[in-house]
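Data block for entry.cif (mmCIF, C-alpha atoms):
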```cif
data_upload
loop_
_atom_site.label_atom_id
_atom_site.label_comp_id
_atom_site.auth_asym_id
_atom_site.auth_seq_id
_atom_site.Cartn_x
_atom_site.Cartn_y
_atom_site.Cartn_z
CA MET A 26 -182.80 25.23 34.22
CA ARG A 27 -179.96 27.39 33.18
CA GLY A 28 -181.09 30.04 30.68
CA PHE A 29 -184.69 30.03 31.95
CA GLY A 30 -185.86 33.38 33.22
CA MET A 31 -187.66 33.84 36.51
CA LYS A 32 -190.99 34.31 34.70
CA LYS A 33 -190.64 31.00 32.86
CA ARG A 34 -189.75 29.14 36.09
CA ALA A 35 -192.71 30.71 37.89
CA MET A 36 -195.02 29.70 35.02
CA ILE A 37 -193.79 26.09 35.17
CA ILE A 38 -194.33 25.96 38.94
CA ILE A 39 -197.84 27.43 38.62
CA LEU A 40 -198.81 25.03 35.82
CA THR A 41 -197.48 22.07 37.80
CA GLY A 42 -199.57 23.12 40.79
CA VAL A 43 -202.72 23.56 38.69
CA ILE A 44 -202.31 20.17 37.01
CA THR A 45 -201.65 18.47 40.35
CA ALA A 46 -204.67 20.13 41.98
CA ALA A 47 -206.94 19.18 39.07
CA GLY A 48 -206.02 15.52 39.44
CA CYS A 49 -206.58 15.44 43.21
CA ARG A 50 -210.29 16.19 43.28
CA ALA A 51 -212.34 13.65 45.18
CA GLN A 52 -214.35 11.45 42.85
CA PRO A 53 -217.59 9.75 43.94
CA GLN A 54 -217.21 6.02 44.37
CA ALA A 55 -219.24 3.70 42.20
CA GLY A 56 -222.40 2.57 43.98
CA ALA A 57 -222.16 5.29 46.63
CA PRO A 58 -225.54 6.88 47.48
CA VAL A 59 -226.10 10.35 46.05
CA ALA A 60 -227.38 12.95 48.49
CA HIS A 61 -230.45 14.70 47.12
CA GLU A 62 -230.33 18.39 47.81
CA LYS A 63 -233.28 20.61 48.47
CA PRO A 64 -234.00 22.86 45.45
CA LEU A 65 -232.40 26.29 45.72
CA MET A 66 -235.62 28.02 44.70
CA THR A 67 -239.32 27.36 44.34
CA SER A 68 -241.59 29.28 42.03
CA SER A 69 -245.24 29.56 41.10
CA TRP A 70 -246.64 30.99 37.88
CA GLN A 71 -250.00 32.44 36.93
CA SER A 72 -250.83 32.85 33.24
CA THR A 73 -253.56 35.10 31.86
CA PRO A 74 -254.57 35.16 28.17
CA VAL A 75 -253.96 38.52 26.49
CA PRO A 76 -256.63 39.61 23.98
CA ALA A 77 -254.15 41.55 21.82
CA VAL A 78 -253.20 40.04 18.49
CA ALA A 79 -249.50 39.64 17.75
CA GLU A 80 -248.41 40.89 14.34
CA PRO A 81 -245.55 39.62 12.17
CA THR A 82 -242.32 41.58 12.67
CA ALA A 83 -240.12 42.56 9.74
CA VAL A 84 -236.50 41.91 10.78
CA ARG A 85 -234.69 42.52 7.46
CA GLN A 86 -235.76 44.05 4.16
CA GLY A 87 -234.20 45.15 0.91
CA ALA A 88 -232.55 43.65 -2.16
CA ALA A 89 -230.68 40.35 -1.99
CA PRO A 90 -228.47 39.38 -0.28
CA LEU A 91 -230.28 39.48 3.07
CA VAL A 92 -229.18 37.57 6.18
CA TYR A 93 -230.90 37.07 9.55
CA LEU A 94 -229.66 35.10 12.56
CA VAL A 95 -232.55 33.38 14.33
CA GLU A 96 -231.68 33.66 18.03
CA GLY A 97 -234.43 31.40 19.41
CA GLY A 98 -236.58 29.06 17.34
CA ALA A 99 -239.24 30.93 15.36
CA THR A 100 -241.49 30.73 12.32
CA ILE A 101 -239.76 32.70 9.57
CA ARG A 102 -241.44 33.96 6.41
CA VAL A 103 -239.68 35.43 3.37
CA HIS A 104 -241.85 37.70 1.24
CA ASP A 105 -241.07 38.98 -2.28
CA GLN A 106 -242.32 42.60 -2.20
CA THR A 107 -241.84 43.10 -5.93
CA GLY A 108 -243.81 40.00 -6.92
CA ASN A 109 -246.18 40.38 -3.91
CA ARG A 110 -245.89 36.73 -2.85
CA ASP A 111 -244.45 34.64 -0.04
CA LEU A 112 -241.47 32.53 -1.09
CA ALA A 113 -241.04 30.48 2.08
CA ARG A 114 -242.57 30.02 5.53
CA ALA A 115 -241.35 27.46 8.07
CA TYR A 116 -240.13 26.96 11.62
CA VAL A 117 -236.39 27.64 11.93
CA PRO A 118 -234.46 26.37 14.98
CA GLY A 119 -232.52 28.80 17.14
CA ARG A 120 -228.96 29.73 16.15
CA SER A 121 -229.76 29.20 12.47
CA ILE A 122 -229.08 31.62 9.64
CA VAL A 123 -231.78 32.63 7.13
CA ARG A 124 -230.40 33.83 3.79
CA VAL A 125 -232.00 35.41 0.73
CA ASP A 126 -229.41 34.92 -1.99
CA ALA A 127 -230.02 36.07 -5.59
CA ARG A 128 -228.17 33.07 -7.06
CA ASN A 129 -229.06 30.27 -4.60
CA GLY A 130 -232.54 31.28 -3.43
CA VAL A 131 -233.95 31.25 0.12
CA ILE A 132 -231.98 29.11 2.57
CA TYR A 133 -232.97 28.25 6.15
CA GLY A 134 -229.90 26.89 7.94
CA ASP A 135 -228.49 24.29 5.52
CA GLU A 136 -231.78 23.69 3.67
CA THR A 137 -232.78 25.47 0.46
CA VAL A 138 -236.51 26.16 0.87
CA PHE A 139 -236.94 28.18 -2.34
CA PRO A 140 -234.38 27.50 -5.08
CA GLY A 141 -232.75 30.34 -7.00
CA PRO A 142 -232.00 32.22 -9.02
CA LEU A 143 -234.26 34.99 -7.75
CA ALA A 144 -235.58 37.85 -9.91
CA LYS A 145 -233.07 40.64 -10.49
CA GLY A 146 -233.81 43.92 -8.71
CA ALA A 147 -236.53 42.41 -6.51
CA ARG A 148 -236.97 43.51 -2.89
CA TYR A 149 -237.56 41.05 -0.06
CA VAL A 150 -238.71 41.10 3.56
CA ILE A 151 -237.80 38.53 6.22
CA PHE A 152 -240.59 38.32 8.82
CA VAL A 153 -240.73 36.61 12.20
CA ASP A 154 -244.31 35.35 12.42
CA PRO A 155 -245.91 34.99 15.85
CA SER A 156 -246.78 31.50 16.99
CA GLY A 157 -248.61 30.20 20.01
CA GLU A 158 -250.95 32.06 22.29
CA ASN A 159 -250.43 35.49 23.80
CA VAL A 160 -250.23 35.26 27.58
CA ALA A 161 -249.06 37.42 30.44
CA ARG A 162 -247.19 35.52 33.13
CA GLN A 163 -246.69 36.61 36.69
CA GLY A 164 -244.61 34.63 39.11
CA THR A 165 -243.15 34.56 42.57
CA PHE A 166 -239.82 33.07 43.53
CA GLN A 167 -238.70 31.94 46.95
CA PRO A 168 -234.98 31.31 47.40
CA HIS A 169 -233.97 28.70 49.96
CA ALA A 170 -230.89 28.77 52.15
CA ARG A 171 -228.19 26.31 51.24
CA PRO A 172 -227.38 23.71 53.87
CA ALA A 173 -224.02 24.14 55.57
CA ARG A 174 -221.32 21.82 54.27
#
```

Please lay out the structure from this file as structure tokens.
Amino acid sequence: MRGFGMKKRAMIIILTGVITAAGCRAQPQAGAPVAHEKPLMTSSWQSTPVPAVAEPTAVRQGAAPLVYLVEGGATIRVHDQTGNRDLARAYVPGRSIVRVDARNGVIYGDETVFPGPLAKGARYVIFVDPSGENVARQGTFQPHARPAR
């Protein structure tokens, strides 16, 4: 180890210890019974319908290109303001990108839902349309103590 600095030696010793410790964890044996634990928390929910009507929400608007990242799954609608018409409306899964591209059209994720080219100078709006019923939920949670190990 001649030529190695103290920091490099210490790093090698630490890494060796980490690798050794990772390999020494107890593994359950095949066929061994699994202990079922009591849930850590119980909850109860009460739902009440809400008479209010949910409206579509504009999330992006303007000339192409427009981009919107759908965080959770939602029904997305792309509206052409200039032509006063909807170009696309469909459910888009969460973590998908909605694009309004002048050359390629309207794209939801990897799927072209309205082929381009789009009209030059047109303005567009990307809406998140409400889906499902409007409800208010109220709940109670009761944490449980963990058993001693």

Exercise for review: Report as an MDAnalysis selection string the full result of the PyMOL selection byres ((chain A and resi 150-154) around 9) when it is applied to this structure.
Suggested key: chainID A and resid 79:88 91:93 99:106 114 123 125 148:149 155:156

Check your understanding: Could you work out how far atom CA of Gly141 of chain A lies from atom CA of Arg128 of chain A, giving the answer in Å with one decimal?
Key -> 5.3 Å

Exercise for review: Translate the PyMOL selection byres ((chain A and resi 137) around 12), as applied to the file shown, into an explicit residue set as number ranges by chain.
Suggested key: A: 112-115, 122-126, 128-136, 138-142

Output file for the selection above: C-alpha atoms, as a PDB file, keeping the file's coordinate frame:
```pdb
ATOM      1  CA  LEU A 112    -241.470  32.530  -1.090  1.00  0.00           C
ATOM      2  CA  ALA A 113    -241.040  30.480   2.080  1.00  0.00           C
ATOM      3  CA  ARG A 114    -242.570  30.020   5.530  1.00  0.00           C
ATOM      4  CA  ALA A 115    -241.350  27.460   8.070  1.00  0.00           C
ATOM      5  CA  ILE A 122    -229.080  31.620   9.640  1.00  0.00           C
ATOM      6  CA  VAL A 123    -231.780  32.630   7.130  1.00  0.00           C
ATOM      7  CA  ARG A 124    -230.400  33.830   3.790  1.00  0.00           C
ATOM      8  CA  VAL A 125    -232.000  35.410   0.730  1.00  0.00           C
ATOM      9  CA  ASP A 126    -229.410  34.920  -1.990  1.00  0.00           C
ATOM     10  CA  ARG A 128    -228.170  33.070  -7.060  1.00  0.00           C
ATOM     11  CA  ASN A 129    -229.060  30.270  -4.600  1.00  0.00           C
ATOM     12  CA  GLY A 130    -232.540  31.280  -3.430  1.00  0.00           C
ATOM     13  CA  VAL A 131    -233.950  31.250   0.120  1.00  0.00           C
ATOM     14  CA  ILE A 132    -231.980  29.110   2.570  1.00  0.00           C
ATOM     15  CA  TYR A 133    -232.970  28.250   6.150  1.00  0.00           C
ATOM     16  CA  GLY A 134    -229.900  26.890   7.940  1.00  0.00           C
ATOM     17  CA  ASP A 135    -228.490  24.290   5.520  1.00  0.00           C
ATOM     18  CA  GLU A 136    -231.780  23.690   3.670  1.00  0.00           C
ATOM     19  CA  VAL A 138    -236.510  26.160   0.870  1.00  0.00           C
ATOM     20  CA  PHE A 139    -236.940  28.180  -2.340  1.00  0.00           C
ATOM     21  CA  PRO A 140    -234.380  27.500  -5.080  1.00  0.00           C
ATOM     22  CA  GLY A 141    -232.750  30.340  -7.000  1.00  0.00           C
ATOM     23  CA  PRO A 142    -232.000  32.220  -9.020  1.00  0.00           C
TER      24      PRO A 142
END
```

Point to revise | Shortest interatomic distance to Lys145 of chain A - which of A:Ala170, A:Ala89, A:Val78, A:Val95, counting only C-alpha atoms | key: A:Ala89

Point to revise | Long-range neighbours of Ser68 of chain A as a list in words, 12 Å cut-off, only C-alpha atoms, 3 positions minimum in chain | key: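 What passes the distance filter is Pro64, Leu65, Gln71, Gln163, Gly164, Thr165, Phe166, Gln167, Pro168 and His169 of chain A.
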
Practice item. Taking the file above as input, evaluate the PyMOL selection byres ((chain A and resi 162) around 10) and report the hits as number ranges by chain. Key: A: 70-75, 159-161, 163-164

Review point. Could you state the separation of atom CA of Gly119 of chain A and atom CA of Ser69 of chain A in Å, given to one decimal place?
Key: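 A separation of 27.1 Å between them.
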
Point to revise | Two-atom distance - atom CA of Arg110 of chain A, atom CA of Leu143 of chain A (Å) | key: 12.7 Å

Review point. Of the candidates A:Pro76, A:Gly146, A:Gly157, A:Pro118, which shows the shortest atom-to-atom distance to Gly97 of chain A, using only C-alpha atoms?
Key: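 Ranked by minimum distance to Gly97 of chain A, first place goes to A:Pro118.
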
Using all atoms of segment 90-94 of chain A that appear in the file, construct an axis-aligned enclosing box with 4 Å of padding on every side and provide its centre coordinates and edge lengths in Å, rounded to one decimal, as JSON.
```
{"center_x": -229.7, "center_y": 37.3, "center_z": 6.1, "size_x": 10.4, "size_y": 12.4, "size_z": 20.8}
```

Coordinates of segment 93-121 of chain A, C-alpha atoms, as a compact mmCIF listing (two decimals), in the first residue's frame:
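This went into selection_13.txt:
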```txt
# COMPACT_ATOMS: atom_id res chain seq x y z
CA TYR A 93 -47.60 20.02 -19.89
CA LEU A 94 -46.44 17.28 -17.52
CA VAL A 95 -49.40 15.29 -16.20
CA GLU A 96 -48.50 14.55 -12.58
CA GLY A 97 -51.34 12.13 -11.79
CA GLY A 98 -53.61 10.51 -14.36
CA ALA A 99 -56.19 12.96 -15.74
CA THR A 100 -58.47 13.66 -18.69
CA ILE A 101 -56.66 16.20 -20.85
CA ARG A 102 -58.29 18.33 -23.54
CA VAL A 103 -56.47 20.46 -26.12
CA HIS A 104 -58.55 23.30 -27.55
CA ASP A 105 -57.72 25.42 -30.62
CA GLN A 106 -58.80 28.94 -29.58
CA THR A 107 -58.31 30.38 -33.05
CA GLY A 108 -60.44 27.74 -34.79
CA ASN A 109 -62.77 27.42 -31.74
CA ARG A 110 -62.65 23.62 -31.68
CA ASP A 111 -61.30 20.80 -29.54
CA LEU A 112 -58.43 18.91 -31.16
CA ALA A 113 -58.08 16.08 -28.64
CA ARG A 114 -59.61 14.80 -25.40
CA ALA A 115 -58.50 11.62 -23.64
CA TYR A 116 -57.29 10.15 -20.37
CA VAL A 117 -53.52 10.56 -19.96
CA PRO A 118 -51.64 8.45 -17.38
CA GLY A 119 -49.57 10.13 -14.69
CA ARG A 120 -45.98 11.14 -15.46
CA SER A 121 -46.83 11.62 -19.15
```
